[in-house]
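Written out below as structure tokens is the structure these notes cover.
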Amino acid sequence: MIKKIVIANRGEIAARVIRTCNRLGIDTVAVYSEADQNAPFVSMADECFLLGPSRVQESYMNAEKIISIAEKAGADAIHPGYGFLSENSRFADQCREAGLVFIGPSSKVIEHMGNKIAARQAMKDAGVPIVPGTDEAVANVEDAKKIAETIGYPIMLKAASGGGGIGMQVVNTDEELEKAFDSNAKRAQTFFGDGAMFMEKKLDNARHIEIQLLADQHGNAIHLFERECSIQRRNQKVIEEAPSPFISESTRDAMGESAIRAAKALNYTNAGTIEFIMDEDENFYFLEMNTRIQVEHPVTEEVTGVDIVEQQIAIANGETLAYNQSDIGRVGHAIEARIYAEDPETFFPSPGYISTFELPDGENIRNETAVKADFTVTPFYDPMIGKLIAKGADRNEAITALKQALLNYKVEGIKTNIPMLLEVVDHSQFLNGNTTTAFIDNYYLPMMKTN
Amino acid sequence: MTEIKASMAGSVWKIVVSEGETVEEDQDIVILESMKMEIPIPAESDGTVKELKVAEGDFVNEGDTIAILES
């Protein structure tokens, strides 16, 4: 039984994991960098240890240091959160070699899904539809142009080991492909240590819809329905909701079944998410699998009532899933808005000192936060400072609650994307559920230009 | 002579020009990395790079001088 967990992460997700541990009576150990010494998650934990300097390679990516802290603290498990080491198969191995439970799937499945080309093949083998594209890495720009002829533009050029929107670009012509190929391969090499690129057909008016999975170590797998995460800027999500305002009940069932088929084919364990891209006719195609908890997991928790972190720990303990598929229901609608420290028009980051920080509250409001008043947001990490989740009996109620909460969300001292979020949730296309991945480009940015 | 300053805090990810090089207005001088995003810092006018004040990997604060341009 897990009694003490090291959270190998920071910010809101570290605080989120600590909250569930507190409720379950599990001791928590925070690890933090110099930049984070005053961060809320550090004081929330039962114990805390300094990892090192602020840069990620010297702190949150320092696997050896994290494991040695876990040993020193007498912890029995590590929760990796998202980002950082969460999808690093070597880290999962290192934890297990040190006798620590890694709260996540096997290193084998992490590695398999971490390579997007291999993941595409695995899904194809499991009978899950994949986006038309290449089955192997594209060797050079000449080959890329030949492939482009068969797939047809527009094309999504992607890094095999990519993530977070890095090493990924839409190309519309041979010229654009020529320009983008080498630069993205190089960037992927720098960021992920792997410059392999592949190509997928870019779907028009696409939506990003994902299925949350839970799978135990005894071969049971269930899904917790979908999240729609189509509103994105710089290929990163901004607003997520459950259920999707777009899909029919039969598509929902088909997606859930596909995701479970994939989980079983992979012998997947713990929480995971299969991301799909969907066209205007509700055809869905596998995009990638995230072998960890997602940023946007709260919307699923709000509509299903399942605490995903609790389930992750139970699965890691070797317990049988607490639910059958038929136990999982949905009530109401939940929407999450990510609060970013950034310019609301250019999306450039805005690190700095937060003088005032006041959160909205109310029974339909949930806050996940990484910061507080009198606190400095440093340039070393992701710009997300919080997540605001609103729920309602239906989508309109959830939107109304979200809008009011955004108006009451006070951050002074740095720029945030709150003005942008307010424009989005007030837009007729958003209200109509016309939430495609092109939303920001098609509706928000043109509006900013006219102002 | 113009000073090119960092528009935000971050670390110097790449220096894309060398001292003595002629640059045009809007040409990138360095690329900062801040909050996991690449932030290009361009020249505000045509000129010659007289001096680079930073090295790759350096941390800069908003307003720090990155390079000096001679027009």
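Numbering starts fresh at 1 for the residues of each chain in the structure tokens, the chains themselves are lettered A, B, ... in the order given, and ligands are numbered from 1 as they appear.
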*For chain B, which residues have at least one atom within 7 Å of chain A, if we go by only C-alpha atoms? Write them as JSON, numbers by chain, please.*
{"B": [9, 10, 34, 35, 36]}
Taking N, CA and C atoms for each residue, export the selection above as a short mmCIF file (atom, residue, chain, number, x, y, z; two decimals), in the first residue's frame.
data_model
loop_
_atom_site.label_atom_id
_atom_site.label_comp_id
_atom_site.auth_asym_id
_atom_site.auth_seq_id
_atom_site.Cartn_x
_atom_site.Cartn_y
_atom_site.Cartn_z
N ALA B 9 12.00 38.80 -19.53
CA ALA B 9 12.99 37.96 -18.87
C ALA B 9 13.01 36.58 -19.52
N GLY B 10 14.19 36.00 -19.59
CA GLY B 10 14.30 34.67 -20.16
C GLY B 10 15.75 34.29 -20.33
N SER B 34 11.55 31.95 -23.10
CA SER B 34 10.87 32.35 -21.89
C SER B 34 9.58 31.55 -21.79
N MET B 35 9.31 30.97 -20.66
CA MET B 35 8.09 30.20 -20.42
C MET B 35 7.84 29.21 -21.56
N LYS B 36 8.86 28.49 -21.92
CA LYS B 36 8.78 27.44 -22.94
C LYS B 36 8.43 27.97 -24.33
#
*Return as a ChimeraX atom specification the full set of residues in segment 214-289 of chain A whose backbone-based DSSP assignment is alpha helix (DSSP H).*
/A:249-266
*asked:* Neighbouring residues of Lys65 of chain A were defined as those with any atom within 10 Å, considering only C-alpha atoms; residues of the same chain fewer than 4 positions away were excluded. Please report them as a list in words.
replied: Val31, Leu50, Leu51, Gly52, Glu58, Ser59, Tyr60, Met61, Ile69, Ala70 and Glu71 of chain A
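Close contacts of Val12 of chain B, defined as residues with an atom at most 8 Å away when counting only C-alpha atoms, with chain neighbours fewer than 3 positions off set aside, comprise Ile15, Val30, Ile31, Leu32, Glu33, Val54, Ala55, Glu56, Gly57, Asp58, Phe59 and Val60 of chain B.
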Could the residues in this selection be written to a file with N, CA and C atoms, as a PDB file, in the first residue's frame?
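Dumped to part_14.pdb:
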ATOM      1  N   ILE B  15      21.978  32.827 -30.425  1.00  0.00           N
ATOM      2  CA  ILE B  15      22.425  34.109 -30.972  1.00  0.00           C
ATOM      3  C   ILE B  15      22.540  33.892 -32.465  1.00  0.00           C
ATOM      4  N   VAL B  30      18.887  37.881 -31.466  1.00  0.00           N
ATOM      5  CA  VAL B  30      18.967  36.688 -30.621  1.00  0.00           C
ATOM      6  C   VAL B  30      17.550  36.125 -30.456  1.00  0.00           C
ATOM      7  N   ILE B  31      17.491  34.875 -30.023  1.00  0.00           N
ATOM      8  CA  ILE B  31      16.206  34.279 -29.688  1.00  0.00           C
ATOM      9  C   ILE B  31      16.255  33.903 -28.214  1.00  0.00           C
ATOM     10  N   LEU B  32      15.329  34.492 -27.460  1.00  0.00           N
ATOM     11  CA  LEU B  32      15.237  34.173 -26.043  1.00  0.00           C
ATOM     12  C   LEU B  32      14.289  33.000 -25.857  1.00  0.00           C
ATOM     13  N   GLU B  33      14.472  32.309 -24.759  1.00  0.00           N
ATOM     14  CA  GLU B  33      13.477  31.312 -24.384  1.00  0.00           C
ATOM     15  C   GLU B  33      12.872  31.754 -23.074  1.00  0.00           C
ATOM     16  N   VAL B  54      25.603  39.345 -24.593  1.00  0.00           N
ATOM     17  CA  VAL B  54      25.159  38.097 -23.946  1.00  0.00           C
ATOM     18  C   VAL B  54      25.754  36.888 -24.669  1.00  0.00           C
ATOM     19  N   ALA B  55      25.734  35.764 -24.001  1.00  0.00           N
ATOM     20  CA  ALA B  55      26.158  34.499 -24.599  1.00  0.00           C
ATOM     21  C   ALA B  55      24.989  33.521 -24.514  1.00  0.00           C
ATOM     22  N   GLU B  56      25.008  32.515 -25.359  1.00  0.00           N
ATOM     23  CA  GLU B  56      23.936  31.520 -25.315  1.00  0.00           C
ATOM     24  C   GLU B  56      23.900  30.869 -23.934  1.00  0.00           C
ATOM     25  N   GLY B  57      22.700  30.743 -23.382  1.00  0.00           N
ATOM     26  CA  GLY B  57      22.558  30.155 -22.048  1.00  0.00           C
ATOM     27  C   GLY B  57      22.464  31.199 -20.945  1.00  0.00           C
ATOM     28  N   ASP B  58      22.848  32.448 -21.240  1.00  0.00           N
ATOM     29  CA  ASP B  58      22.753  33.515 -20.228  1.00  0.00           C
ATOM     30  C   ASP B  58      21.296  33.798 -19.876  1.00  0.00           C
ATOM     31  N   PHE B  59      21.086  34.216 -18.637  1.00  0.00           N
ATOM     32  CA  PHE B  59      19.750  34.648 -18.233  1.00  0.00           C
ATOM     33  C   PHE B  59      19.688  36.164 -18.323  1.00  0.00           C
ATOM     34  N   VAL B  60      18.651  36.697 -18.931  1.00  0.00           N
ATOM     35  CA  VAL B  60      18.511  38.157 -19.005  1.00  0.00           C
ATOM     36  C   VAL B  60      17.188  38.590 -18.380  1.00  0.00           C
TER      37      VAL B  60
END
_At a cut-off of 8 Å, using only C-alpha atoms, what residues contact Ser45 of chain B? Leave out same-chain residues fewer than 2 positions from it and give the result as a list in words._
Glu24, Glu25, Asp26, Ala43, Gly47 and Ser71 of chain B
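The coordinates place atom CA of Val16 of chain B at 19.3 Å from atom CA of Phe181 of chain A.
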*List every residue of segment 42-187 of chain A that DSSP, applied to the backbone of this structure, places in strand (DSSP E or B), and write the result as JSON, numbers by chain.*
{"A": [47, 48, 49, 50, 51, 52, 77, 78, 79, 101, 102, 130, 133, 138, 155, 156, 157, 158, 159, 160, 161, 162, 163, 166, 167, 168, 169, 170, 171]}
_Can you measure atom CA of Asn9 of chain A to atom CA of Gly83 of chain A for me? One decimal in Å is fine._
8.2 Å
*Restricting the calculation to only C-alpha atoms, which member of A:Gln217, A:Ala390, A:Asn115, A:Thr346 is positioned closest to Ile39 of chain B?*
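Of A:Gln217, A:Ala390, A:Asn115, A:Thr346, the one nearest Ile39 of chain B, counting only C-alpha atoms, is A:Thr346.
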*Would you mind telling me which residue in A:Ala263, A:Val138, A:Ala39, A:Ile5 lies nearest to Ala73 of chain A when using only C-alpha atoms?*
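When distances to Ala73 of chain A are compared using only C-alpha atoms, the smallest one comes from A:Ile5.
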*So how far away is atom CA of Ile260 of chain A from atom CA of Leu388 of chain A, in Å?*
29.3 Å
*asked:* Which residues are close to Ala316 of chain A, i.e. within 8 Å by only C-alpha atoms, leaving aside same-chain residues fewer than 3 positions away? Reply as a list of chain:residue names.
replied: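 Using only C-alpha atoms, the neighbours found are A:Val101, A:Phe102, A:Ile103, A:Gly104, A:Asn270, A:Gln312, A:Ile313, A:Glu319.
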Generate the output file for the selected residues, C-alpha atoms, as a CSV table (one decimal), in the first residue's frame.
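The result, stored in out-v3.csv:
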chain,number,residue,atom,x,y,z
A,101,VAL,CA,6.0,2.7,-7.5
A,102,PHE,CA,5.8,4.9,-10.5
A,103,ILE,CA,2.2,6.1,-10.7
A,104,GLY,CA,1.6,5.6,-14.4
A,270,ASN,CA,-3.3,3.5,-15.0
A,312,GLN,CA,-4.4,6.5,-10.4
A,313,ILE,CA,-3.1,5.7,-6.9
A,319,GLU,CA,-6.3,-2.7,-6.9
*asked:* Residues within 12 Å of Asp143 of chain A, please, as a VMD selection string. Count only C-alpha atoms; anything in the same chain fewer than 4 positions from it doesn't count.
replied: chain A and resid 134 136 to 139 147 to 150 174 177 to 178 181 197 to 199
*Between B:Val17, B:Ile29, B:Ile4, B:Ile41, which one has atoms that come closest to Ile66 of chain B, using only C-alpha atoms?*
B:Ile4
